[in-house]
Structures are given as structure tokens and as C-alpha cells.
$ cat coords-v9.csv   # CSV, C-alpha atoms
chain,number,residue,atom,x,y,z
A,107,MET,CA,36.9,201.7,28.3
A,108,THR,CA,40.1,202.8,29.9
A,109,THR,CA,42.4,205.8,29.4
A,110,ASN,CA,45.4,203.8,28.3
A,111,THR,CA,43.6,201.9,25.5
A,112,THR,CA,45.1,202.4,22.1
A,113,VAL,CA,42.7,202.8,19.2
A,114,ARG,CA,43.1,200.2,16.5
A,115,PRO,CA,40.7,201.3,13.7
A,116,PRO,CA,38.9,198.5,11.8
A,117,PRO,CA,40.2,198.0,8.3
A,118,SER,CA,38.2,199.6,5.6
A,119,GLU,CA,38.8,199.5,1.9
A,120,THR,CA,36.9,202.8,1.5
A,121,SER,CA,38.1,204.6,4.7
A,122,GLY,CA,39.2,207.6,2.8
A,123,SER,CA,35.7,208.2,1.4
A,124,ASP,CA,33.7,207.2,4.5
A,125,PHE,CA,33.6,210.8,5.9
A,126,ALA,CA,32.9,212.3,2.5
A,127,ARG,CA,29.8,210.1,2.1
A,128,LEU,CA,28.7,211.1,5.6
A,129,SER,CA,29.3,214.8,4.8
A,130,ARG,CA,27.1,214.5,1.7
A,131,LYS,CA,24.3,213.0,3.8
A,132,ILE,CA,24.6,215.8,6.4
A,133,ALA,CA,24.7,218.5,3.7
A,134,ASP,CA,21.7,217.0,1.9
A,135,ALA,CA,19.7,217.2,5.2
A,136,GLY,CA,20.5,220.9,5.3
A,137,LEU,CA,22.2,220.7,8.7
A,138,LEU,CA,25.2,222.9,8.0
A,139,GLY,CA,23.1,226.1,7.5
A,140,ARG,CA,23.3,228.9,10.0
A,141,ARG,CA,20.5,229.3,12.6
A,142,PRO,CA,20.4,233.1,13.2
A,143,GLY,CA,17.0,233.1,14.9
A,144,TYR,CA,18.1,230.5,17.4
A,145,TYR,CA,21.3,232.3,18.3
A,146,ALA,CA,19.7,235.7,18.4
A,147,LEU,CA,17.2,234.3,21.0
A,148,ARG,CA,19.9,232.4,22.9
A,149,ILE,CA,22.3,235.3,23.1
A,150,THR,CA,19.6,237.7,24.2
A,151,VAL,CA,18.4,235.3,26.9
A,152,VAL,CA,21.9,234.7,28.3
A,153,ALA,CA,22.8,238.4,28.1
A,154,GLY,CA,19.6,239.2,29.9
A,155,LEU,CA,20.4,236.7,32.6
A,156,TYR,CA,23.9,238.0,32.9
A,157,VAL,CA,22.7,241.6,33.4
A,158,SER,CA,19.9,240.4,35.8
A,159,GLY,CA,22.4,238.5,37.9
A,160,TRP,CA,24.6,241.6,38.5
A,161,ALA,CA,21.5,243.7,39.1
A,162,ALA,CA,20.4,241.2,41.7
A,163,VAL,CA,23.8,241.6,43.4
A,164,ALA,CA,23.1,245.3,43.7
A,165,LEU,CA,19.5,244.8,44.9
A,166,VAL,CA,20.3,242.1,47.5
A,167,GLY,CA,23.4,244.0,48.6
A,168,ASP,CA,24.8,243.5,52.1
A,169,SER,CA,23.1,240.2,52.8
A,170,TRP,CA,24.4,236.6,52.8
A,171,TRP,CA,21.5,235.8,50.4
A,172,THR,CA,23.8,237.4,47.8
A,173,LEU,CA,25.7,234.1,47.8
A,174,THR,CA,22.7,232.4,46.1
A,175,VAL,CA,23.1,235.0,43.4
A,176,ALA,CA,26.8,234.0,43.1
A,177,GLY,CA,25.6,230.4,42.4
A,178,PHE,CA,23.1,231.7,39.8
A,179,LEU,CA,25.9,233.8,38.1
A,180,ALA,CA,28.2,230.7,38.1
A,181,VAL,CA,25.7,228.9,35.8
A,182,VAL,CA,25.2,232.1,33.7
A,183,PHE,CA,29.0,232.3,33.2
A,184,GLY,CA,29.0,228.7,32.0
A,185,GLN,CA,26.4,229.6,29.5
A,186,VAL,CA,28.4,232.5,28.3
A,187,ALA,CA,31.4,230.2,27.9
A,188,LEU,CA,29.2,227.9,25.7
A,189,ILE,CA,28.3,230.9,23.5
A,190,ALA,CA,32.0,231.8,23.2
A,191,HIS,CA,32.6,228.1,22.2
A,192,ASP,CA,30.0,228.2,19.5
A,193,ALA,CA,31.2,231.6,18.2
A,194,ALA,CA,34.8,230.3,18.0
A,195,HIS,CA,33.6,227.4,15.8
A,196,ARG,CA,31.7,229.8,13.5
A,197,GLN,CA,28.4,228.2,14.4
A,198,VAL,CA,26.9,231.6,15.1
A,199,PHE,CA,28.4,233.6,12.2
A,200,ARG,CA,29.9,232.3,9.0
A,201,ARG,CA,32.5,235.1,8.7
A,202,ARG,CA,35.7,235.0,10.7
A,203,ARG,CA,35.6,238.6,11.8
A,204,ALA,CA,32.1,238.5,13.2
A,205,SER,CA,32.9,235.2,14.9
A,206,GLU,CA,36.0,236.6,16.6
A,207,VAL,CA,34.4,239.8,17.7
A,208,SER,CA,31.4,237.9,19.3
A,209,GLY,CA,33.8,235.3,20.8
A,210,ARG,CA,36.0,237.9,22.3
A,211,ILE,CA,33.1,239.8,23.8
A,212,ALA,CA,31.8,236.6,25.4
A,213,GLY,CA,35.3,235.6,26.6
A,214,ALA,CA,35.8,239.1,28.1
A,215,GLY,CA,32.5,238.6,30.0
A,216,ILE,CA,33.8,235.7,32.0
A,217,GLY,CA,37.5,236.6,32.2
A,218,MET,CA,38.8,234.2,29.5
A,219,GLY,CA,41.6,235.0,27.0
A,220,TYR,CA,39.9,234.2,23.7
A,221,GLY,CA,43.0,233.8,21.6
A,222,TRP,CA,44.7,231.4,24.1
A,223,TRP,CA,41.5,229.3,24.4
A,224,GLN,CA,40.8,229.2,20.7
A,225,ASP,CA,44.4,228.0,19.9
A,226,LYS,CA,44.2,225.3,22.6
A,227,HIS,CA,40.7,224.1,21.6
A,228,THR,CA,41.6,224.0,17.9
A,229,ARG,CA,44.6,221.7,18.7
A,230,HIS,CA,42.2,219.5,20.8
A,231,HIS,CA,39.8,219.1,17.9
A,232,ALA,CA,42.6,218.2,15.5
A,233,ASN,CA,43.9,215.4,17.7
A,234,PRO,CA,41.3,214.5,20.3
A,235,ASN,CA,42.5,212.2,23.1
A,236,HIS,CA,46.0,211.9,21.6
A,237,GLU,CA,48.4,211.7,24.5
A,238,GLU,CA,51.1,213.8,22.9
A,239,LEU,CA,49.1,216.2,20.7
A,240,ASP,CA,45.9,217.0,22.6
A,241,PRO,CA,46.6,219.8,25.1
A,242,ASP,CA,43.6,218.6,27.2
A,243,LEU,CA,45.7,215.6,28.1
A,244,ASP,CA,48.7,217.5,29.4
A,245,PRO,CA,49.5,216.1,32.8
A,246,ASP,CA,49.7,219.5,34.5
A,247,LEU,CA,47.8,218.4,37.6
A,248,LEU,CA,46.1,215.1,36.8
A,249,VAL,CA,47.5,212.1,34.8
A,250,TRP,CA,45.3,210.7,32.0
A,251,SER,CA,47.2,207.4,31.3
A,252,GLN,CA,49.3,204.9,33.2
A,253,ASP,CA,52.4,206.0,31.1
A,254,GLN,CA,51.9,209.6,32.4
A,255,ALA,CA,51.5,208.3,35.9
A,256,ARG,CA,54.8,206.4,35.7
A,257,ALA,CA,56.6,209.6,34.5
A,258,ALA,CA,54.8,211.9,36.9
A,259,THR,CA,56.6,214.2,39.4
A,260,GLY,CA,55.5,216.9,41.8
A,261,LEU,CA,51.7,217.5,42.2
A,262,PRO,CA,50.6,215.1,39.5
A,263,ARG,CA,52.4,212.3,41.3
A,264,LEU,CA,50.9,213.3,44.6
A,265,ILE,CA,47.4,213.8,43.4
A,266,GLY,CA,47.4,211.1,40.8
A,267,ARG,CA,47.1,208.3,43.4
A,268,TRP,CA,43.5,209.3,44.4
A,269,GLN,CA,42.7,211.6,41.5
A,270,ALA,CA,39.3,210.0,40.8
A,271,PHE,CA,38.1,210.9,44.3
A,272,LEU,CA,39.7,214.4,44.0
A,273,PHE,CA,38.4,215.2,40.5
A,274,PHE,CA,35.2,217.1,41.4
A,275,PRO,CA,36.7,218.9,44.4
A,276,LEU,CA,39.6,220.0,42.1
A,277,LEU,CA,37.1,221.4,39.6
A,278,THR,CA,36.4,224.2,42.1
A,279,LEU,CA,39.7,225.5,41.0
A,280,GLU,CA,38.9,225.4,37.3
A,281,GLY,CA,37.5,228.9,37.1
A,282,PHE,CA,40.7,230.3,38.7
A,283,ASN,CA,42.8,228.1,36.3
A,284,LEU,CA,40.9,229.6,33.3
A,285,HIS,CA,41.9,233.1,34.4
A,286,VAL,CA,45.5,232.2,35.3
A,287,SER,CA,46.1,230.3,32.1
A,288,SER,CA,44.7,233.2,30.1
A,289,VAL,CA,47.1,235.7,31.8
A,290,LYS,CA,50.1,233.4,31.4
A,291,ALA,CA,49.4,233.0,27.7
A,292,LEU,CA,49.9,236.7,27.2
A,293,ALA,CA,53.6,236.2,27.6
A,294,ASN,CA,53.6,234.1,24.4
A,295,ARG,CA,54.7,236.4,21.6
A,296,SER,CA,53.2,234.1,19.0
A,297,LEU,CA,49.7,234.7,20.4
A,298,LYS,CA,47.7,236.7,17.9
A,299,HIS,CA,46.0,239.9,19.2
A,300,ARG,CA,47.5,239.4,22.6
A,301,THR,CA,47.4,243.1,23.4
A,302,LEU,CA,43.7,243.1,22.7
A,303,ASP,CA,43.2,240.0,24.7
A,304,GLY,CA,45.2,241.4,27.6
A,305,THR,CA,43.2,244.6,27.6
A,306,LEU,CA,39.9,242.8,27.7
A,307,LEU,CA,41.1,240.3,30.3
A,308,PHE,CA,42.3,242.9,32.8
A,309,ALA,CA,39.3,245.2,32.1
A,310,HIS,CA,37.1,242.2,33.2
A,311,PHE,CA,39.1,241.7,36.4
A,312,ALA,CA,39.0,245.4,37.2
A,313,ALA,CA,35.3,245.7,36.6
A,314,TYR,CA,34.5,242.4,38.5
A,315,LEU,CA,36.4,243.4,41.6
A,316,THR,CA,35.3,247.0,41.5
A,317,VAL,CA,31.6,246.0,41.4
A,318,LEU,CA,32.0,243.5,44.2
A,319,LEU,CA,33.9,245.8,46.5
A,320,TRP,CA,31.5,248.7,45.7
A,321,LEU,CA,28.3,246.7,46.4
A,322,LEU,CA,29.5,244.4,49.2
A,323,PRO,CA,31.6,244.6,52.4
A,324,PRO,CA,35.1,243.2,51.9
A,325,GLY,CA,34.4,239.9,53.7
A,326,MET,CA,31.2,239.3,51.8
A,327,ALA,CA,32.9,240.2,48.5
A,328,ILE,CA,35.6,237.6,49.1
A,329,ALA,CA,32.9,235.0,50.0
A,330,PHE,CA,30.9,235.9,46.8
A,331,LEU,CA,34.1,235.6,44.7
A,332,ALA,CA,34.9,232.2,46.2
A,333,VAL,CA,31.4,230.8,45.8
A,334,HIS,CA,31.0,232.2,42.3
A,335,GLN,CA,34.3,231.1,40.9
A,336,CYS,CA,34.3,227.7,42.5
A,337,LEU,CA,30.8,226.8,41.3
A,338,PHE,CA,31.7,228.2,37.9
A,339,GLY,CA,34.7,225.9,37.8
A,340,VAL,CA,32.6,222.9,38.7
A,341,TYR,CA,30.0,223.7,36.1
A,342,LEU,CA,32.7,224.3,33.4
A,343,GLY,CA,34.5,221.1,34.2
A,344,SER,CA,31.3,219.1,34.2
A,345,LEU,CA,30.5,220.4,30.7
A,346,PHE,CA,33.6,218.8,29.3
A,347,ALA,CA,34.3,215.8,31.5
A,348,PRO,CA,31.7,213.4,29.8
A,349,ASN,CA,33.0,214.0,26.3
A,350,HIS,CA,36.3,212.2,26.0
A,351,LYS,CA,37.5,211.0,29.5
A,352,GLY,CA,37.4,207.3,29.6
A,353,MET,CA,37.5,206.9,25.9
A,354,PRO,CA,40.4,205.4,24.0
A,355,ILE,CA,43.7,207.3,24.0
A,356,LEU,CA,45.8,207.6,20.9
A,357,THR,CA,49.6,207.5,21.2
A,358,GLY,CA,52.6,207.8,19.0
A,359,GLU,CA,51.9,207.2,15.4
A,360,ASP,CA,48.2,206.2,16.0
A,361,ARG,CA,46.5,208.2,13.3
A,362,PRO,CA,43.2,206.8,12.2
A,363,ASP,CA,41.4,208.6,9.4
A,364,PHE,CA,39.4,211.7,10.4
A,365,LEU,CA,36.0,209.9,10.8
A,366,ARG,CA,37.4,207.2,13.1
A,367,ARG,CA,39.7,209.7,14.9
A,368,GLN,CA,36.7,211.7,16.0
A,369,VAL,CA,34.1,209.0,16.6
A,370,LEU,CA,36.3,206.5,18.5
A,371,THR,CA,37.6,209.1,21.0
A,372,SER,CA,34.3,210.8,21.7
A,373,ARG,CA,31.2,209.9,23.7
A,374,ASN,CA,27.7,211.2,23.4
A,375,VAL,CA,25.4,211.8,26.4
A,376,ARG,CA,21.8,210.9,26.1
A,377,GLY,CA,19.1,213.3,27.4
A,378,GLY,CA,16.3,215.6,26.5
A,379,ARG,CA,16.0,219.3,26.0
A,380,PHE,CA,17.3,220.1,29.5
A,381,THR,CA,20.5,218.2,28.9
A,382,ASP,CA,20.9,220.0,25.6
A,383,ILE,CA,20.6,223.4,27.3
A,384,ALA,CA,22.7,222.5,30.4
A,385,LEU,CA,25.6,221.0,28.3
A,386,GLY,CA,25.1,223.5,25.4
A,387,GLY,CA,24.9,220.8,22.8
A,388,LEU,CA,28.2,219.3,23.8
A,389,ASN,CA,26.3,216.1,24.8
A,390,HIS,CA,26.3,215.5,21.0
A,391,GLN,CA,30.1,215.3,21.1
A,392,ILE,CA,30.6,212.9,18.2
A,393,GLU,CA,28.6,215.1,15.8
A,394,HIS,CA,30.2,218.2,17.1
A,395,HIS,CA,33.7,216.8,16.5
A,396,LEU,CA,32.8,215.6,13.0
A,397,PHE,CA,31.1,218.9,12.1
A,398,PRO,CA,32.4,221.6,14.5
A,399,SER,CA,30.8,224.5,12.5
A,400,MET,CA,27.4,222.9,12.7
A,401,PRO,CA,25.0,225.0,14.8
A,402,SER,CA,24.4,223.2,18.1
A,403,PRO,CA,20.5,223.0,17.6
A,404,ASN,CA,21.2,220.9,14.5
A,405,LEU,CA,23.3,218.3,16.3
A,406,PRO,CA,20.3,216.2,17.6
A,407,ARG,CA,19.1,215.7,14.0
A,408,ALA,CA,22.6,214.9,12.8
A,409,ARG,CA,22.9,212.3,15.5
A,410,THR,CA,20.5,209.9,13.7
A,411,ILE,CA,22.4,210.2,10.4
A,412,VAL,CA,25.8,209.8,12.0
A,413,ARG,CA,24.8,206.9,14.2
A,414,ARG,CA,23.3,205.0,11.2
A,415,HIS,CA,26.4,205.7,9.1
A,416,CYS,CA,28.7,204.3,11.9
A,417,GLN,CA,26.5,201.2,12.2
A,418,GLU,CA,26.8,200.6,8.4
A,419,LEU,CA,30.6,200.8,8.8
A,420,GLY,CA,30.7,198.6,11.9
A,421,LEU,CA,32.2,201.6,13.8
A,422,ASP,CA,31.7,201.9,17.6
A,423,TYR,CA,29.3,204.8,18.4
A,424,VAL,CA,29.4,205.3,22.2
A,425,GLU,CA,26.4,206.9,23.9
A,426,THR,CA,25.6,206.8,27.6
A,427,GLY,CA,23.5,208.6,30.2
A,428,LEU,CA,25.0,211.6,32.0
A,429,ILE,CA,25.7,209.8,35.3
A,430,THR,CA,27.2,206.8,33.5
A,431,SER,CA,29.5,209.2,31.5
A,432,TYR,CA,30.8,210.6,34.8
A,433,ARG,CA,31.3,207.1,36.3
A,434,LEU,CA,33.3,206.1,33.2
A,435,ALA,CA,35.4,209.2,33.4
A,436,LEU,CA,36.2,208.7,37.1
A,437,ALA,CA,36.9,205.0,36.6
A,438,SER,CA,39.4,205.9,33.8
A,439,LEU,CA,41.1,208.4,36.1
A,440,HIS,CA,41.4,205.8,38.9
A,441,GLN,CA,42.9,203.3,36.5
A,442,ALA,CA,45.3,205.8,35.1
A,443,GLY,CA,46.6,206.5,38.6
A,444,ALA,CA,47.1,202.8,39.4
A,445,PRO,CA,51.0,202.8,39.0
A,446,LEU,CA,51.2,205.6,41.6
A,447,ARG,CA,49.2,203.7,44.1
A,448,HIS,CA,51.3,200.6,43.6
A,449,ALA,CA,54.6,202.4,43.5
A,450,ARG,CA,57.0,201.9,46.3
A,451,VAL,CA,57.0,204.9,48.6
A,452,PRO,CA,60.6,206.3,49.2
A,453,ALA,CA,61.8,205.8,52.7
$ encode --input "coords-v9.csv" --output "C-alpha cells"
Amino acid sequence: MTTNTTVRPPPSETSGSDFARLSRKIADAGLLGRRPGYYALRITVVAGLYVSGWAAVALVGDSWWTLTVAGFLAVVFGQVALIAHDAAHRQVFRRRRASEVSGRIAGAGIGMGYGWWQDKHTRHHANPNHEELDPDLDPDLLVWSQDQARAATGLPRLIGRWQAFLFFPLLTLEGFNLHVSSVKALANRSLKHRTLDGTLLFAHFAAYLTVLLWLLPPGMAIAFLAVHQCLFGVYLGSLFAPNHKGMPILTGEDRPDFLRRQVLTSRNVRGGRFTDIALGGLNHQIEHHLFPSMPSPNLPRARTIVRRHCQELGLDYVETGLITSYRLALASLHQAGAPLRHARVPA
């Protein structure tokens, strides 16, 4: 599938009730209930790894082996981000306040503005892969469709020509982009709790830099920061790249019903328990988009019900292996940039 494909949902005389029937099946299976034991264990393990990682920095100290700890902490930061994601969706706690408190704590642990990210991610869920409405398709650095490529200027026009080849190298900047975007969002007066978000954000930066400069020589501290943030960015970007990139893009007035809007623009990634842990359940992207408050450990069971329901409706349910998902994402990026490669270069 390509990034400039427009979704044309199949006609259905009962399209308005298709999701309602699926919801009843999911509820009857008991898959919408909280999983406090699972999340207590998961949060405890990730928090323990977080503390252990920084303790290892102190123990290893002035040695280039500390860069291996930076790599370890990059993965741990990614896992913390996944916990923040689940908390924001109320998968961990049913109540809003508990969800926001836990989400903000997790966000502060990795230097992410929780309010900014939650607003952005909510808009993505409402209109996944919609060229005008999904903030994840903003052509700020990459172009996601050929129409965006034709209108591109500046860096997107320069990078877009070979963006498929540059995608993973550019992910090394994603961690830095997360921090910069979080700070920039503080200037938005409509952002709720921006004072709290700003306080937590700068407290993280101050603590992070203080610890590095206290435990490591300046040159090694800079190297640690670069390795840690770059690998964190690669891991973070790799978590989300398989989910929608290369799936059909909605444009203009394309507004399928909720079920089709979520299923047709999302892709699942097959895999076992390791894939579930590494991707934090986001490999069950279709089920997550249909039931965003469903605890991630329930998603594999929901997959069987959702897939069968889609088959009954004749609705495409896309599922691939992890490597194939990246290949499709890169192929779509390459096709989206085609107009830039074929454009006449100014003299």
C-alpha cells in the first residue's frame, strides 16, 4: 500500500452498528477491565531498571564502558514512554486524575511534556492517517504523500528526495525533537497545566545534566548524552513507524465510520511475547485504535475477535511481520518523495 492512497470504505447497510456489535463482543469477553496486577508489576520492573541504570552510571563512572549503560538507558526510557502512553489512555487507572498524575510522572522521567504529547496523540487517534487532521502527518521534516512533496519547501523538499534512506538516521534526532517540541509547546497559552509541565520538564533537564556532569568528565558526559538520546530516538521512532506508515491516507472529506477509519489506516505486527514487550503492545495497533483504553495485555486476545469481525464484514485487516512493516513504511516514504526526485532542479 502507498501513502497517497485514498480510503474508499466498502458500502455497508449496517455500518453504523458494526462497531457497536464488535464492542459488545469485546465487553462480553471481559477485555475492557483494568489489569492492576499486570501494571503494578510492569511499572515496578521498569522503575527498577530506570534506577538501576543511573546507579550503573555512578558505579562505572569515568570509563568508556559507561556508553553501554547509555544504550541500556535508551531502551529503559522507551519503556517509560510506553507506560506514559498507557497511562494517558487510562489503561492503567480508570480515573482521570490518577491517569494524569502517573502519566506526568512518567513523562517527567524522560523529559517529555505530558500535556503537549497527550493533545497531539488524542488528535492522532481521532483522525489517524488523515493528511490534514493527523498531526503525525505534518510535513515538518519528512513528506508523507506526493501532494505534500509537490508543496514542500525548505528542509522537507531537500530531505524528501531520499527520505526513505535517511529515515532511520534521522530517528537519532527524535529524542531531541521530543524535548524541543515539549519546550516549544509551553508558549501555547491554550495548553492546560503548562506551568506544571514546564516545571517538570526543566527539572528533568537540570537533574539529567547535573548527574552526568557530576559523575562523568565533560567530554564523556557529552558522549553519554549523544549516545543515550540518539538511541532513545531510534527506539522511540521504531515503536511507532510500523503502525500507520504505508497504510492508506485519508484526505479532504474522506470520513469513513469509526470502525473503518481505525482498521483501514492501521497495521498490526505479528510476533510473540518479546515483540509485545519491545513494542509495548503497539504491535496490536488495530485493536489499540478501536479500544484505546483497553489494557495492553488484553490486546492479543482482542485480536482474534476483531480479526474475525473484520472478516465477516469483508474489511481488510492488515497484519505483517516486523521487518515487512518497516519495509512497507520505507517504500511508502520513497514513493511519497517521488515528485521531488523527478522535479526539475533550478539552475
$ closest_atom_pairs --input "coords-v9.csv" --of "region 334-393 of chain A" --to "region 209-230 of chain A" --cutoff "12 Å" --atoms "only C-alpha atoms" --output "tab-separated table"
residue	atom	partner	partner_atom	distance
A:His334	CA	A:Ile216	CA	11.2
A:Gln335	CA	A:Ile216	CA	10.0
A:Phe338	CA	A:Ile216	CA	9.8
A:Gly339	CA	A:Ile216	CA	11.4
A:Leu342	CA	A:Ile216	CA	11.5
A:Phe346	CA	A:His227	CA	11.7
A:His350	CA	A:His230	CA	10.7
A:Arg367	CA	A:His230	CA	11.7
A:Gln368	CA	A:His230	CA	10.7
A:Thr371	CA	A:His230	CA	11.4
A:Ser372	CA	A:His230	CA	11.8
$ closest_residue --input "coords-v9.csv" --among "A:Ala255, A:Gln441, A:Ser169, A:Phe330" --to "Val317 (chain A)" --atoms "all atoms listed in the file"
A:Phe330
$ residues_around --input "coords-v9.csv" --residues "Leu319 (chain A)" --least-positions-apart "2" --cutoff "12 Å" --atoms "only C-alpha atoms" --output "VMD selection string"
chain A and resid 163 to 164 167 to 168 312 to 317 321 to 331
$ residues_around --input "coords-v9.csv" --residues "Leu138 (chain A)" --least-positions-apart "3" --cutoff "10 Å" --atoms "only C-alpha atoms" --output "PDB file with C-alpha atoms, in the coordinates of the input"
ATOM      1  CA  SER A 129      29.300 214.800   4.800  1.00  0.00           C
ATOM      2  CA  ILE A 132      24.600 215.800   6.400  1.00  0.00           C
ATOM      3  CA  ALA A 133      24.700 218.500   3.700  1.00  0.00           C
ATOM      4  CA  ASP A 134      21.700 217.000   1.900  1.00  0.00           C
ATOM      5  CA  ALA A 135      19.700 217.200   5.200  1.00  0.00           C
ATOM      6  CA  ARG A 141      20.500 229.300  12.600  1.00  0.00           C
ATOM      7  CA  GLN A 197      28.400 228.200  14.400  1.00  0.00           C
ATOM      8  CA  PHE A 397      31.100 218.900  12.100  1.00  0.00           C
ATOM      9  CA  PRO A 398      32.400 221.600  14.500  1.00  0.00           C
ATOM     10  CA  SER A 399      30.800 224.500  12.500  1.00  0.00           C
ATOM     11  CA  MET A 400      27.400 222.900  12.700  1.00  0.00           C
ATOM     12  CA  PRO A 401      25.000 225.000  14.800  1.00  0.00           C
ATOM     13  CA  ASN A 404      21.200 220.900  14.500  1.00  0.00           C
ATOM     14  CA  LEU A 405      23.300 218.300  16.300  1.00  0.00           C
ATOM     15  CA  ALA A 408      22.600 214.900  12.800  1.00  0.00           C
TER      16      ALA A 408
END
$ atom_distance --input "coords-v9.csv" --atom1 "CA of Gln252 (chain A)" --atom2 "CA of Ala442 (chain A)"
4.5 Å
$ closest_residue --input "coords-v9.csv" --among "A:Leu239, A:Ala384, A:Leu179, A:Ala257" --to "Arg361 (chain A)" --atoms "all atoms listed in the file"
A:Leu239
$ residues_around --input "coords-v9.csv" --residues "Leu396 (chain A)" --least-positions-apart "5" --cutoff "10 Å" --atoms "all atoms listed in the file" --output "list in words"
Phe125, Leu128, Ser129, His231, Phe364, Leu365, Arg366, Arg367, Gln368, Val369, Gln391 and Val412 of chain A
$ closest_atom_pairs --input "coords-v9.csv" --of "region 175-254 of chain A" --to "region 351-358 of chain A" --cutoff "8 Å" --atoms "all atoms listed in the file" --output "tab-separated table"
residue	atom	partner	partner_atom	distance
A:Asn235	CA	A:Ile355	CA	5.1
A:His236	CA	A:Leu356	CA	4.4
A:Glu237	CA	A:Thr357	CA	5.5
A:Glu238	CA	A:Thr357	CA	6.7
$ atom_distance --input "coords-v9.csv" --atom1 "CA of Asp382 (chain A)" --atom2 "CA of Pro241 (chain A)"
25.7 Å
$ atom_distance --input "coords-v9.csv" --atom1 "CA of Val152 (chain A)" --atom2 "CA of Ser344 (chain A)"
19.1 Å
$ residues_around --input "coords-v9.csv" --residues "Ile265 (chain A)" --least-positions-apart "6" --cutoff "9 Å" --atoms "all atoms listed in the file" --output "number ranges by chain"
A: 247-249, 272, 443
$ write_last_selection --input "coords-v9.csv" --atoms "C-alpha atoms" --output "short mmCIF file (atom, residue, chain, number, x, y, z; two decimals), in the coordinates of the input"
data_model
loop_
_atom_site.label_atom_id
_atom_site.label_comp_id
_atom_site.auth_asym_id
_atom_site.auth_seq_id
_atom_site.Cartn_x
_atom_site.Cartn_y
_atom_site.Cartn_z
CA LEU A 247 47.80 218.40 37.60
CA LEU A 248 46.10 215.10 36.80
CA VAL A 249 47.50 212.10 34.80
CA LEU A 272 39.70 214.40 44.00
CA GLY A 443 46.60 206.50 38.60
#
$ residues_around --input "coords-v9.csv" --residues "His415 (chain A)" --least-positions-apart "3" --cutoff "10 Å" --atoms "all atoms listed in the file" --output "list in words"
Asp124, Phe125, Arg127, Leu128, Lys131, Arg409, Thr410, Ile411, Val412, Glu418, Leu419, Gly420, Leu421 and Tyr423 of chain A
$ write_last_selection --input "coords-v9.csv" --atoms "C-alpha atoms" --output "short mmCIF file (atom, residue, chain, number, x, y, z; two decimals), in the coordinates of the input"
data_model
loop_
_atom_site.label_atom_id
_atom_site.label_comp_id
_atom_site.auth_asym_id
_atom_site.auth_seq_id
_atom_site.Cartn_x
_atom_site.Cartn_y
_atom_site.Cartn_z
CA ASP A 124 33.70 207.20 4.50
CA PHE A 125 33.60 210.80 5.90
CA ARG A 127 29.80 210.10 2.10
CA LEU A 128 28.70 211.10 5.60
CA LYS A 131 24.30 213.00 3.80
CA ARG A 409 22.90 212.30 15.50
CA THR A 410 20.50 209.90 13.70
CA ILE A 411 22.40 210.20 10.40
CA VAL A 412 25.80 209.80 12.00
CA GLU A 418 26.80 200.60 8.40
CA LEU A 419 30.60 200.80 8.80
CA GLY A 420 30.70 198.60 11.90
CA LEU A 421 32.20 201.60 13.80
CA TYR A 423 29.30 204.80 18.40
#
$ build_atoms --input "coords-v9.csv" --residues "region 141-146 of chain A" --atoms "all heavy atoms" --output "PDB file, keeping the file's coordinate frame"
ATOM      1  N   ARG A 141      21.801 229.226  11.931  1.00  0.00           N
ATOM      2  CA  ARG A 141      20.500 229.300  12.600  1.00  0.00           C
ATOM      3  C   ARG A 141      20.467 230.702  13.338  1.00  0.00           C
ATOM      4  O   ARG A 141      20.533 230.794  14.561  1.00  0.00           O
ATOM      5  CB  ARG A 141      20.393 228.199  13.660  1.00  0.00           C
ATOM      6  CG  ARG A 141      20.321 226.794  13.047  1.00  0.00           C
ATOM      7  CD  ARG A 141      18.971 226.545  12.383  1.00  0.00           C
ATOM      8  NE  ARG A 141      17.901 226.633  13.352  1.00  0.00           N
ATOM      9  CZ  ARG A 141      17.498 225.588  14.104  1.00  0.00           C
ATOM     10  NH1 ARG A 141      18.070 224.414  13.971  1.00  0.00           N
ATOM     11  NH2 ARG A 141      16.509 225.747  14.954  1.00  0.00           N
ATOM     12  N   PRO A 142      20.360 231.789  12.573  1.00  0.00           N
ATOM     13  CA  PRO A 142      20.400 233.100  13.200  1.00  0.00           C
ATOM     14  C   PRO A 142      19.336 233.403  14.197  1.00  0.00           C
ATOM     15  O   PRO A 142      19.575 234.065  15.214  1.00  0.00           O
ATOM     16  CB  PRO A 142      20.314 234.071  11.961  1.00  0.00           C
ATOM     17  CG  PRO A 142      19.672 233.245  10.885  1.00  0.00           C
ATOM     18  CD  PRO A 142      20.171 231.850  11.107  1.00  0.00           C
ATOM     19  N   GLY A 143      18.129 232.918  13.934  1.00  0.00           N
ATOM     20  CA  GLY A 143      17.000 233.100  14.900  1.00  0.00           C
ATOM     21  C   GLY A 143      17.301 232.487  16.208  1.00  0.00           C
ATOM     22  O   GLY A 143      17.085 233.091  17.282  1.00  0.00           O
ATOM     23  N   TYR A 144      17.774 231.252  16.172  1.00  0.00           N
ATOM     24  CA  TYR A 144      18.100 230.500  17.400  1.00  0.00           C
ATOM     25  C   TYR A 144      19.143 231.248  18.208  1.00  0.00           C
ATOM     26  O   TYR A 144      18.994 231.461  19.429  1.00  0.00           O
ATOM     27  CB  TYR A 144      18.555 229.100  17.067  1.00  0.00           C
ATOM     28  CG  TYR A 144      19.237 228.401  18.215  1.00  0.00           C
ATOM     29  CD1 TYR A 144      18.495 227.736  19.191  1.00  0.00           C
ATOM     30  CD2 TYR A 144      20.626 228.411  18.346  1.00  0.00           C
ATOM     31  CE1 TYR A 144      19.108 227.100  20.263  1.00  0.00           C
ATOM     32  CE2 TYR A 144      21.250 227.780  19.412  1.00  0.00           C
ATOM     33  CZ  TYR A 144      20.495 227.138  20.361  1.00  0.00           C
ATOM     34  OH  TYR A 144      21.117 226.508  21.424  1.00  0.00           O
ATOM     35  N   TYR A 145      20.240 231.649  17.553  1.00  0.00           N
ATOM     36  CA  TYR A 145      21.300 232.300  18.300  1.00  0.00           C
ATOM     37  C   TYR A 145      20.966 233.686  18.757  1.00  0.00           C
ATOM     38  O   TYR A 145      21.428 234.132  19.811  1.00  0.00           O
ATOM     39  CB  TYR A 145      22.611 232.277  17.457  1.00  0.00           C
ATOM     40  CG  TYR A 145      23.352 230.962  17.575  1.00  0.00           C
ATOM     41  CD1 TYR A 145      23.408 230.070  16.510  1.00  0.00           C
ATOM     42  CD2 TYR A 145      23.963 230.596  18.768  1.00  0.00           C
ATOM     43  CE1 TYR A 145      24.064 228.854  16.625  1.00  0.00           C
ATOM     44  CE2 TYR A 145      24.626 229.386  18.904  1.00  0.00           C
ATOM     45  CZ  TYR A 145      24.670 228.510  17.825  1.00  0.00           C
ATOM     46  OH  TYR A 145      25.310 227.303  17.961  1.00  0.00           O
ATOM     47  N   ALA A 146      20.139 234.388  17.986  1.00  0.00           N
ATOM     48  CA  ALA A 146      19.700 235.700  18.400  1.00  0.00           C
ATOM     49  C   ALA A 146      18.904 235.570  19.739  1.00  0.00           C
ATOM     50  O   ALA A 146      19.099 236.346  20.689  1.00  0.00           O
ATOM     51  CB  ALA A 146      18.825 236.364  17.361  1.00  0.00           C
TER      52      ALA A 146
END
